[in-house]
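See below for coords_1.txt, which holds compact mmCIF, C-alpha atoms.
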```
# COMPACT_ATOMS: atom_id res chain seq x y z
CA MET A 1 0.00 0.00 0.00
CA GLU A 2 2.85 2.39 0.84
CA LEU A 3 4.55 1.69 -2.49
CA SER A 4 1.29 2.30 -4.31
CA GLY A 5 0.92 5.60 -2.49
CA GLU A 6 4.45 6.64 -3.42
CA LEU A 7 3.84 5.85 -7.08
CA GLU A 8 0.62 7.83 -6.96
CA ASP A 9 2.47 10.81 -5.48
CA VAL A 10 5.13 10.61 -8.22
CA ASP A 11 2.43 10.39 -10.89
CA GLN A 12 0.74 13.52 -9.52
CA TYR A 13 4.09 15.31 -9.31
CA VAL A 14 4.91 14.51 -12.94
CA ARG A 15 1.46 15.59 -14.07
CA ARG A 16 1.95 18.93 -12.30
CA VAL A 17 5.13 19.41 -14.33
CA LEU A 18 3.35 18.45 -17.55
CA ALA A 19 0.64 21.00 -16.78
CA TYR A 20 3.15 23.66 -17.87
CA TYR A 21 3.02 22.27 -21.41
CA PRO A 22 0.32 22.88 -24.04
CA ILE A 23 -0.67 19.22 -24.22
CA ASP A 24 -3.48 17.03 -22.96
CA VAL A 25 -1.97 14.08 -21.07
CA LYS A 26 -3.78 10.81 -21.75
CA GLY A 27 -1.34 8.42 -20.13
CA LEU A 28 1.95 8.26 -18.25
CA LYS A 29 4.47 5.43 -17.89
CA LEU A 30 7.89 5.25 -16.24
CA LYS A 31 10.40 4.56 -19.03
CA SER A 32 13.71 4.37 -17.14
CA SER A 33 15.44 5.61 -14.01
CA LYS A 34 19.21 5.48 -13.54
CA SER A 35 22.31 7.63 -13.01
CA GLY A 36 20.34 10.64 -11.81
CA ARG A 37 18.07 10.62 -14.86
CA THR A 38 14.42 9.56 -14.93
CA LYS A 39 12.28 9.37 -18.04
CA TRP A 40 8.55 9.00 -18.48
CA LEU A 41 6.74 8.06 -21.68
CA VAL A 42 3.86 10.51 -22.10
CA ASP A 43 0.82 9.70 -24.22
CA SER A 44 -0.73 13.01 -25.27
CA ASP A 45 -3.22 14.46 -27.70
CA GLN A 46 -0.24 15.44 -29.87
CA GLY A 47 1.39 12.02 -29.89
CA LYS A 48 3.91 10.24 -27.68
CA MET A 49 6.54 12.28 -25.88
CA VAL A 50 9.34 11.75 -23.36
CA LEU A 51 9.68 13.79 -20.19
CA LYS A 52 13.19 13.65 -18.74
CA GLN A 53 14.14 14.71 -15.23
CA THR A 54 17.87 15.19 -14.63
CA ILE A 55 19.76 16.06 -11.48
CA MET A 56 21.67 19.13 -12.64
CA PRO A 57 21.45 22.90 -12.18
CA PRO A 58 18.63 24.34 -14.31
CA GLY A 59 21.14 26.68 -15.95
CA ARG A 60 23.07 23.70 -17.24
CA MET A 61 19.89 22.11 -18.64
CA LEU A 62 19.10 25.44 -20.32
CA PHE A 63 22.51 25.33 -22.01
CA ILE A 64 21.90 21.76 -23.26
CA SER A 65 18.32 22.38 -24.37
CA ASN A 66 19.44 25.57 -26.14
CA ALA A 67 22.07 23.55 -28.02
CA HIS A 68 19.41 20.94 -28.81
CA LEU A 69 17.19 23.62 -30.33
CA HIS A 70 20.16 25.03 -32.29
CA LEU A 71 20.82 21.62 -33.88
CA GLN A 72 17.11 21.08 -34.47
CA ASN A 73 16.78 24.44 -36.24
CA ASN A 74 19.85 23.65 -38.36
CA GLY A 75 18.26 20.46 -39.65
CA LEU A 76 20.04 17.75 -37.65
CA PRO A 77 17.90 14.58 -37.38
CA ILE A 78 17.04 14.94 -33.69
CA ALA A 79 13.88 14.64 -31.58
CA LYS A 80 11.96 17.91 -31.45
CA ILE A 81 11.87 19.80 -28.14
CA ILE A 82 8.39 20.67 -26.86
CA ARG A 83 8.22 24.20 -25.46
CA THR A 84 6.25 25.11 -22.34
CA LYS A 85 3.13 27.27 -22.52
CA GLY A 86 5.37 30.24 -21.83
CA GLY A 87 7.79 29.31 -24.59
CA GLY A 88 10.48 27.87 -22.32
CA LEU A 89 12.80 25.04 -23.39
CA CYS A 90 13.01 23.40 -19.97
CA ILE A 91 11.72 23.67 -16.41
CA GLY A 92 14.04 24.19 -13.45
CA ALA A 93 13.39 23.04 -9.91
CA GLU A 94 16.24 23.62 -7.41
CA ASP A 95 18.89 20.95 -8.15
CA HIS A 96 17.13 19.28 -11.06
CA ALA A 97 15.45 20.14 -14.33
CA PHE A 98 12.91 18.79 -16.80
CA ILE A 99 12.80 18.71 -20.58
CA LEU A 100 10.05 17.35 -22.86
CA TYR A 101 10.67 16.12 -26.37
CA GLU A 102 9.01 13.99 -29.02
CA HIS A 103 9.20 10.22 -28.71
CA HIS A 104 10.53 8.38 -31.75
CA GLU A 105 10.87 4.69 -32.48
CA GLY A 106 13.28 3.02 -34.85
CA LYS A 107 15.77 0.21 -35.27
CA GLU A 108 18.72 -0.24 -32.94
CA VAL A 109 22.10 1.12 -34.07
CA LEU A 110 24.69 -1.62 -33.55
CA TYR A 111 28.36 -1.42 -32.57
CA TYR A 112 29.18 -4.57 -34.55
CA ASP A 113 27.63 -3.45 -37.85
CA GLN A 114 30.18 -1.55 -39.96
CA ASN A 115 27.45 0.01 -42.06
CA HIS A 116 25.84 1.38 -38.88
CA LEU A 117 29.21 2.73 -37.69
CA THR A 118 29.70 4.48 -41.04
CA LYS A 119 26.31 6.13 -40.72
CA MET A 120 27.12 7.08 -37.13
CA MET A 121 30.37 8.79 -38.17
CA GLU A 122 28.52 10.69 -40.90
CA PHE A 123 25.98 11.80 -38.31
CA MET A 124 28.76 12.95 -35.98
CA ALA A 125 30.30 15.01 -38.78
CA ASP A 126 26.89 16.57 -39.47
CA PHE A 127 26.48 17.27 -35.74
CA HIS A 128 29.78 19.16 -35.58
CA ILE A 129 29.06 21.14 -38.75
CA LYS A 130 25.59 22.16 -37.58
CA SER A 131 26.75 23.10 -34.10
CA ALA A 132 28.54 26.15 -35.55
CA GLY A 133 27.30 29.60 -34.60
CA PHE A 134 25.78 28.54 -31.28
CA GLU A 135 24.74 31.47 -29.08
CA PRO A 136 23.52 30.23 -25.68
CA PHE A 137 20.71 32.07 -23.92
CA GLU A 138 21.48 34.46 -21.09
CA GLY A 139 21.45 32.56 -17.81
CA SER A 140 22.82 29.36 -19.35
CA LYS A 141 25.53 27.58 -17.41
CA LYS A 142 28.15 27.08 -20.12
CA ARG A 143 30.75 24.33 -20.11
CA ARG A 144 34.08 24.49 -21.91
CA ARG A 145 37.05 22.16 -22.12
CA ALA A 146 38.71 23.66 -25.18
CA GLY A 147 42.04 25.07 -24.06
CA LYS A 148 42.03 23.03 -20.84
CA TRP A 149 43.53 19.78 -22.07
CA GLU A 150 46.91 20.29 -20.39
CA LYS A 151 45.25 20.64 -17.00
CA LEU A 152 43.17 17.48 -17.61
CA TYR A 153 46.19 15.46 -18.75
CA ARG A 154 48.23 16.55 -15.73
CA TRP A 155 45.40 15.68 -13.35
CA LYS A 156 45.04 12.18 -14.81
CA LEU A 157 48.78 11.52 -14.67
CA GLN A 158 49.03 12.77 -11.09
CA GLU A 159 46.15 10.51 -10.15
CA LEU A 160 47.87 7.50 -11.76
CA GLU A 161 51.00 8.30 -9.75
CA GLY A 162 48.92 8.37 -6.58
CA PHE A 163 47.20 5.06 -7.38
CA LYS A 164 50.61 3.55 -8.14
CA LYS A 165 51.70 4.29 -4.58
CA LEU A 166 48.46 2.79 -3.30
CA ALA A 167 48.89 -0.36 -5.41
CA LEU A 168 52.39 -0.92 -4.01
CA ASN A 169 50.71 -1.58 -0.65
CA HIS A 170 48.38 -4.21 -2.20
CA GLN A 171 50.81 -6.48 -4.01
CA THR A 172 48.71 -9.60 -3.44
CA ASP A 173 45.75 -8.03 -5.23
CA PRO A 174 45.59 -9.34 -8.85
CA PHE A 175 44.25 -6.03 -10.16
CA SER A 176 47.04 -4.05 -8.48
CA ILE A 177 49.67 -6.52 -9.73
CA LEU A 178 48.53 -6.09 -13.33
CA PHE A 179 48.23 -2.32 -12.91
CA LEU A 180 51.82 -2.06 -11.64
CA GLN A 181 53.09 -4.05 -14.62
CA HIS A 182 51.79 -1.43 -17.06
CA VAL A 183 51.52 1.89 -15.21
CA ASP A 184 55.04 3.14 -16.00
CA GLN A 185 54.48 2.60 -19.72
CA MET A 186 51.19 4.51 -19.52
CA LEU A 187 52.78 7.34 -17.55
CA GLU A 188 55.48 7.65 -20.21
CA LEU A 189 52.86 7.83 -22.97
CA GLY A 190 50.99 10.47 -21.01
CA SER A 191 54.17 12.52 -20.54
CA GLN A 192 54.79 12.45 -24.29
CA CYS A 193 51.25 13.70 -24.88
CA LEU A 194 51.77 16.56 -22.42
CA LYS A 195 54.67 17.78 -24.56
CA GLU A 196 52.73 17.35 -27.80
CA ILE A 197 49.72 19.44 -26.75
CA LYS A 198 51.98 22.48 -26.49
CA GLN A 199 52.42 22.42 -30.26
CA PRO A 200 50.71 25.22 -32.25
CA GLU A 201 48.14 22.96 -33.94
CA PHE A 202 46.35 22.59 -30.59
CA GLU A 203 46.10 26.31 -29.96
CA ASN A 204 45.16 27.00 -33.58
CA TRP A 205 42.28 24.52 -33.58
CA THR A 206 41.10 25.67 -30.16
CA THR A 207 40.97 29.27 -31.40
CA GLN A 208 39.08 28.17 -34.51
CA VAL A 209 36.51 26.22 -32.45
CA LEU A 210 35.91 29.09 -30.04
CA GLU A 211 35.59 31.64 -32.84
CA SER A 212 33.18 29.46 -34.85
CA LYS A 213 31.15 28.80 -31.66
CA THR A 214 30.91 25.07 -32.24
CA PHE A 215 30.48 22.36 -29.62
CA CYS A 216 30.90 18.63 -29.19
CA GLN A 217 28.54 16.10 -27.65
CA GLN A 218 31.10 14.58 -25.21
CA ASP A 219 29.80 11.02 -25.31
CA PHE A 220 28.23 9.70 -28.49
CA THR A 221 26.69 6.43 -27.39
CA LEU A 222 24.47 4.30 -29.61
CA ALA A 223 21.94 3.92 -26.80
CA ARG A 224 20.70 7.42 -27.65
CA MET A 225 20.57 6.75 -31.38
CA ILE A 226 18.07 4.94 -33.58
CA LEU A 227 17.77 4.22 -37.29
CA LYS A 228 14.85 5.96 -38.98
CA ASP A 229 14.41 5.49 -42.72
CA ASP A 230 17.82 3.78 -42.62
CA GLU A 231 19.53 6.93 -41.30
CA VAL A 232 20.86 7.71 -37.82
CA PHE A 233 18.50 9.79 -35.69
CA MET A 234 19.30 11.23 -32.24
CA SER A 235 16.48 10.49 -29.83
CA GLU A 236 18.02 12.54 -27.02
CA LEU A 237 20.82 15.09 -26.54
CA HIS A 238 22.48 14.13 -23.28
CA SER A 239 25.15 16.79 -22.93
CA VAL A 240 27.26 19.33 -24.83
CA ASN A 241 30.57 21.04 -24.26
CA HIS A 242 32.65 23.65 -26.06
CA ASP A 243 35.56 21.45 -27.11
CA LEU A 244 37.41 20.19 -30.16
CA PRO A 245 35.51 17.74 -32.41
CA SER A 246 38.43 15.33 -31.93
CA ARG A 247 37.24 14.68 -28.39
CA ASP A 248 34.01 13.14 -29.70
CA LEU A 249 36.03 11.15 -32.24
CA ARG A 250 38.46 9.85 -29.64
CA ILE A 251 35.74 8.80 -27.21
CA PHE A 252 33.59 7.06 -29.80
CA LEU A 253 36.50 5.28 -31.51
CA SER A 254 37.69 4.03 -28.11
CA LYS A 255 34.19 2.87 -27.23
CA VAL A 256 33.97 0.84 -30.45
CA MET A 257 37.44 -0.68 -29.99
CA LYS A 258 36.58 -1.74 -26.44
CA LYS A 259 33.77 -3.80 -27.95
CA GLN A 260 36.31 -5.37 -30.33
CA HIS A 261 38.75 -6.11 -27.45
CA VAL A 262 41.61 -5.01 -29.72
CA TRP A 263 42.47 -1.88 -31.73
CA ASP A 264 41.35 -2.53 -35.31
CA SER A 265 43.29 -0.07 -37.49
CA ASN A 266 41.34 -0.99 -40.63
CA LEU A 267 38.00 -0.33 -38.94
CA CYS A 268 39.33 2.89 -37.42
CA CYS A 269 40.43 4.20 -40.82
CA GLU A 270 37.07 3.28 -42.36
CA MET A 271 35.22 5.13 -39.62
CA LEU A 272 37.40 8.23 -39.86
CA ARG A 273 37.08 8.18 -43.66
CA ALA A 274 33.29 8.31 -43.32
CA TYR A 275 33.60 11.31 -40.99
CA ASP A 276 36.18 13.04 -43.18
CA ARG A 277 34.03 12.79 -46.31
CA LYS A 278 31.44 15.08 -44.67
CA HIS A 279 33.69 17.13 -42.41
CA PRO A 280 37.26 17.08 -43.76
CA LEU A 281 39.99 17.59 -41.16
CA THR A 282 43.46 18.90 -41.87
CA LYS A 283 46.63 16.97 -41.18
CA GLU A 284 47.20 19.30 -38.22
CA ASN A 285 43.74 18.43 -36.87
CA TYR A 286 44.58 14.74 -37.09
CA LYS A 287 47.80 15.31 -35.15
CA VAL A 288 45.64 16.62 -32.32
CA LEU A 289 43.40 13.54 -32.53
CA TRP A 290 46.45 11.25 -32.58
CA THR A 291 47.81 12.80 -29.40
CA ASP A 292 44.47 12.42 -27.63
CA LEU A 293 44.19 8.81 -28.82
CA LYS A 294 47.72 8.08 -27.58
CA PHE A 295 47.01 9.44 -24.10
CA PRO A 296 45.99 6.50 -21.82
CA HIS A 297 42.44 7.73 -21.17
CA LEU A 298 40.93 4.23 -21.01
CA PHE A 299 43.64 2.96 -18.67
CA SER A 300 43.35 5.91 -16.29
CA SER A 301 39.54 5.57 -16.34
CA ILE A 302 39.39 1.92 -15.22
CA ILE A 303 42.09 2.55 -12.59
CA HIS A 304 40.09 5.52 -11.27
CA LYS A 305 36.92 3.42 -11.08
CA TYR A 306 38.63 0.55 -9.25
CA TYR A 307 40.48 2.43 -6.53
CA LEU A 308 37.52 4.73 -5.85
CA SER A 309 35.05 1.79 -5.95
CA GLN A 310 32.79 3.60 -8.39
CA LYS A 311 31.15 0.46 -9.79
CA LYS A 312 29.47 -0.92 -6.68
CA ALA A 313 27.90 -3.85 -8.53
CA TRP A 314 31.18 -4.98 -10.12
CA SER A 315 33.07 -7.96 -8.71
CA ASP A 316 36.86 -8.04 -8.47
CA GLU A 317 36.83 -10.48 -11.40
CA LYS A 318 34.88 -8.04 -13.57
CA TYR A 319 37.26 -5.19 -12.74
CA LEU A 320 40.22 -7.41 -13.62
CA ALA A 321 38.65 -8.45 -16.94
CA ALA A 322 37.98 -4.79 -17.75
CA LEU A 323 41.59 -3.88 -17.00
CA LYS A 324 42.88 -6.71 -19.23
CA ASN A 325 40.64 -5.51 -22.06
CA THR A 326 41.80 -1.93 -21.56
CA ILE A 327 45.48 -2.92 -21.64
CA SER A 328 44.84 -4.84 -24.86
CA ILE A 329 43.34 -1.73 -26.45
CA GLU A 330 46.02 0.63 -25.15
CA THR A 331 48.88 -1.57 -26.39
CA THR A 332 47.49 -2.72 -29.76
CA LYS A 333 46.57 0.83 -30.81
CA MET A 334 50.25 1.82 -30.85
CA ASP A 335 50.76 0.35 -34.32
CA PHE A 336 48.02 2.72 -35.50
CA ILE A 337 49.47 5.67 -33.55
CA ASN A 338 53.03 5.10 -34.77
CA ASN A 339 52.06 5.03 -38.46
CA PHE A 340 50.47 8.46 -38.69
CA ASP A 341 51.28 9.30 -42.32
CA GLU A 342 50.18 5.92 -43.62
CA MET A 343 46.89 6.03 -41.69
CA ILE A 344 46.11 9.60 -42.83
CA GLU A 345 46.69 8.56 -46.43
CA ARG A 346 44.25 5.67 -45.97
CA ILE A 347 41.65 7.93 -44.33
CA LYS A 348 41.89 10.46 -47.15
CA GLN A 349 41.56 7.86 -49.91
CA GLY A 350 38.31 8.47 -51.75
CA GLY A 351 37.48 11.46 -49.53
CA GLU A 352 38.17 15.15 -49.47
CA SER A 353 41.76 16.30 -49.24
CA GLY A 354 41.13 18.76 -46.42
CA ASN A 355 43.12 21.96 -46.03
CA GLU A 356 46.55 20.53 -45.57
```

Could you render the structure from this file as structure tokens?
Amino acid sequence: MELSGELEDVDQYVRRVLAYYPIDVKGLKLKSSKSGRTKWLVDSDQGKMVLKQTIMPPGRMLFISNAHLHLQNNGLPIAKIIRTKGGGLCIGAEDHAFILYEHHEGKEVLYYDQNHLTKMMEFMADFHIKSAGFEPFEGSKKRRRAGKWEKLYRWKLQELEGFKKLALNHQTDPFSILFLQHVDQMLELGSQCLKEIKQPEFENWTTQVLESKTFCQQDFTLARMILKDDEVFMSELHSVNHDLPSRDLRIFLSKVMKKQHVWDSNLCCEMLRAYDRKHPLTKENYKVLWTDLKFPHLFSSIIHKYYLSQKKAWSDEKYLAALKNTISIETTKMDFINNFDEMIERIKQGGESGNE
């Protein structure tokens, strides 16, 4: 009875939020609830919609919803935002915010389908192109990482040094043993990257991105994508950040390679070629991407998760398996990293030449 009462209270609360929108609610169903985000499927007189509640400052949600509208107005295939009766893009409530957008259904986009990955890279290129000229509303809480890479790299390397000292006190722990076998190599790679990001191509691209007022998505994941009419469609914009497009490329390429359990240079070149056909990058741009790919982001991430116990549901065995997979990716990608000119030539085959 108590649970039923709680659900009834939540239902009434959600309906009070929906009362701010120019729709007639016919039905309401909890869609998902995890990681500080809750979604409800709303059946209305204007079709099905999704109401999302996120734990974040309303100003931050305004920034994201504003970017969403910018992409929508520029023709990116993305779910349409529903404005409130007063014309607002989102609703703020203390430490959380709400946004309502159209619900769309389609086929799943798959990590193991090369045709799907090609379409995804083309979509990402379109996303970056159409993000240009973004002017956030007054009161938005902006987020920027462009120009802050050196600070991020240093923080990650310092953290690895700290975890190395911690691991030395746990030398019977299989995870710590494996970590200690590879940490010095990863620290050396990271130190090389710190030197490389001081080269002019980083500053030049950062200046270009800030002047063109473009943004990146931060974490392109296929869970927020569907196939509609055989083309990639974004069902939800999770987050945005003023940063170099290469950050999105690095994160998505790494995500795909983790699924492969090894760095597949052929697949990587095919994916980058698909992106480059729509949004050609210069050789200097690719040098920036190469440095970010070389930095041991995946390694530092799994080490961070383990020693801070961030994955409460993970067993020691699962952490160890994840570390082994990460080491496989970090080590096998070096053949790709060390053959820059050859890989760029392969990426540019059949595509645009860029502004080299």

Counting only C-alpha atoms, which residues of stretch 201-253 of chain A sit at most 7 Å from some atom of stretch 282-296 of chain A, and what is each one's closest atom pair with its distance in Å to one decimal, listed by chain and rising residue number, as JSON lines?
```
{"residue": "A:Glu201", "atom": "CA", "partner": "A:Glu284", "partner_atom": "CA", "distance": 5.7}
{"residue": "A:Phe202", "atom": "CA", "partner": "A:Val288", "partner_atom": "CA", "distance": 6.3}
{"residue": "A:Ser246", "atom": "CA", "partner": "A:Leu289", "partner_atom": "CA", "distance": 5.3}
{"residue": "A:Arg250", "atom": "CA", "partner": "A:Leu293", "partner_atom": "CA", "distance": 5.9}
```

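Proximity ranking of A:Arg273, A:His304, A:Lys312, A:Arg83 relative to A:Glu161 places A:His304 first, based on all atoms listed in the file.
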
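The residue that comes closest to A:Met56, out of A:Pro200, A:Ile23, A:Asp248, A:Ser239 and on the basis of all atoms listed in the file, is A:Ser239.
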
(message) The residues within 7 Å of (29.8, 14.6, -41.2), using all atoms listed in the file and the coordinates of the file, should be reported as a list in words; which are they?
(response) Met121, Glu122, Phe123, Met124, Ala125, Asp126, Phe127, Tyr275, Asp276, Arg277, Lys278 and His279 of chain A

(request) To one decimal in Å, tell me the separation between atom CA of A:Lys164 and atom CA of A:Leu180. (result)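 Rounded to one decimal, the two atoms are 6.7 Å apart.
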
Repair of stretch 56-77 of chain A at the level of N, CA and C atoms, as an mmCIF file, in the coordinates of the input:
```cif
data_model
loop_
_atom_site.group_PDB
_atom_site.id
_atom_site.type_symbol
_atom_site.label_atom_id
_atom_site.label_comp_id
_atom_site.auth_asym_id
_atom_site.auth_seq_id
_atom_site.Cartn_x
_atom_site.Cartn_y
_atom_site.Cartn_z
ATOM 1 N N MET A 56 20.651 18.162 -12.203
ATOM 2 C CA MET A 56 21.670 19.130 -12.640
ATOM 3 C C MET A 56 21.099 20.526 -12.439
ATOM 4 N N PRO A 57 21.959 21.529 -12.322
ATOM 5 C CA PRO A 57 21.450 22.900 -12.180
ATOM 6 C C PRO A 57 20.603 23.271 -13.397
ATOM 7 N N PRO A 58 19.484 23.926 -13.185
ATOM 8 C CA PRO A 58 18.630 24.340 -14.310
ATOM 9 C C PRO A 58 19.376 25.127 -15.384
ATOM 10 N N GLY A 59 20.364 25.917 -14.981
ATOM 11 C CA GLY A 59 21.140 26.680 -15.950
ATOM 12 C C GLY A 59 21.913 25.799 -16.902
ATOM 13 N N ARG A 60 22.359 24.657 -16.392
ATOM 14 C CA ARG A 60 23.070 23.700 -17.240
ATOM 15 C C ARG A 60 22.101 23.051 -18.224
ATOM 16 N N MET A 61 20.895 22.691 -17.751
ATOM 17 C CA MET A 61 19.890 22.110 -18.640
ATOM 18 C C MET A 61 19.480 23.123 -19.711
ATOM 19 N N LEU A 62 19.440 24.403 -19.344
ATOM 20 C CA LEU A 62 19.100 25.440 -20.320
ATOM 21 C C LEU A 62 20.151 25.478 -21.416
ATOM 22 N N PHE A 63 21.414 25.340 -21.046
ATOM 23 C CA PHE A 63 22.510 25.330 -22.010
ATOM 24 C C PHE A 63 22.357 24.154 -22.982
ATOM 25 N N ILE A 64 22.053 22.964 -22.437
ATOM 26 C CA ILE A 64 21.900 21.760 -23.260
ATOM 27 C C ILE A 64 20.671 21.859 -24.155
ATOM 28 N N SER A 65 19.553 22.288 -23.580
ATOM 29 C CA SER A 65 18.320 22.380 -24.370
ATOM 30 C C SER A 65 18.440 23.453 -25.450
ATOM 31 N N ASN A 66 19.186 24.517 -25.164
ATOM 32 C CA ASN A 66 19.440 25.570 -26.140
ATOM 33 C C ASN A 66 20.255 25.018 -27.315
ATOM 34 N N ALA A 67 21.261 24.188 -26.981
ATOM 35 C CA ALA A 67 22.070 23.550 -28.020
ATOM 36 C C ALA A 67 21.222 22.576 -28.840
ATOM 37 N N HIS A 68 20.338 21.862 -28.150
ATOM 38 C CA HIS A 68 19.410 20.940 -28.810
ATOM 39 C C HIS A 68 18.570 21.691 -29.842
ATOM 40 N N LEU A 69 18.007 22.819 -29.421
ATOM 41 C CA LEU A 69 17.190 23.620 -30.330
ATOM 42 C C LEU A 69 18.018 24.143 -31.504
ATOM 43 N N HIS A 70 19.261 24.533 -31.246
ATOM 44 C CA HIS A 70 20.160 25.030 -32.290
ATOM 45 C C HIS A 70 20.362 23.952 -33.363
ATOM 46 N N LEU A 71 20.629 22.724 -32.935
ATOM 47 C CA LEU A 71 20.820 21.620 -33.880
ATOM 48 C C LEU A 71 19.527 21.309 -34.621
ATOM 49 N N GLN A 72 18.434 21.337 -33.884
ATOM 50 C CA GLN A 72 17.110 21.080 -34.470
ATOM 51 C C GLN A 72 16.799 22.108 -35.565
ATOM 52 N N ASN A 73 17.050 23.369 -35.273
ATOM 53 C CA ASN A 73 16.780 24.440 -36.240
ATOM 54 C C ASN A 73 17.710 24.367 -37.457
ATOM 55 N N ASN A 74 18.891 23.776 -37.261
ATOM 56 C CA ASN A 74 19.850 23.650 -38.360
ATOM 57 C C ASN A 74 19.658 22.369 -39.167
ATOM 58 N N GLY A 75 18.615 21.611 -38.828
ATOM 59 C CA GLY A 75 18.260 20.460 -39.650
ATOM 60 C C GLY A 75 18.883 19.134 -39.265
ATOM 61 N N LEU A 76 19.515 19.048 -38.083
ATOM 62 C CA LEU A 76 20.040 17.750 -37.650
ATOM 63 C C LEU A 76 18.891 16.812 -37.335
ATOM 64 N N PRO A 77 18.954 15.541 -37.726
ATOM 65 C CA PRO A 77 17.900 14.580 -37.380
ATOM 66 C C PRO A 77 17.903 14.312 -35.870
#
```
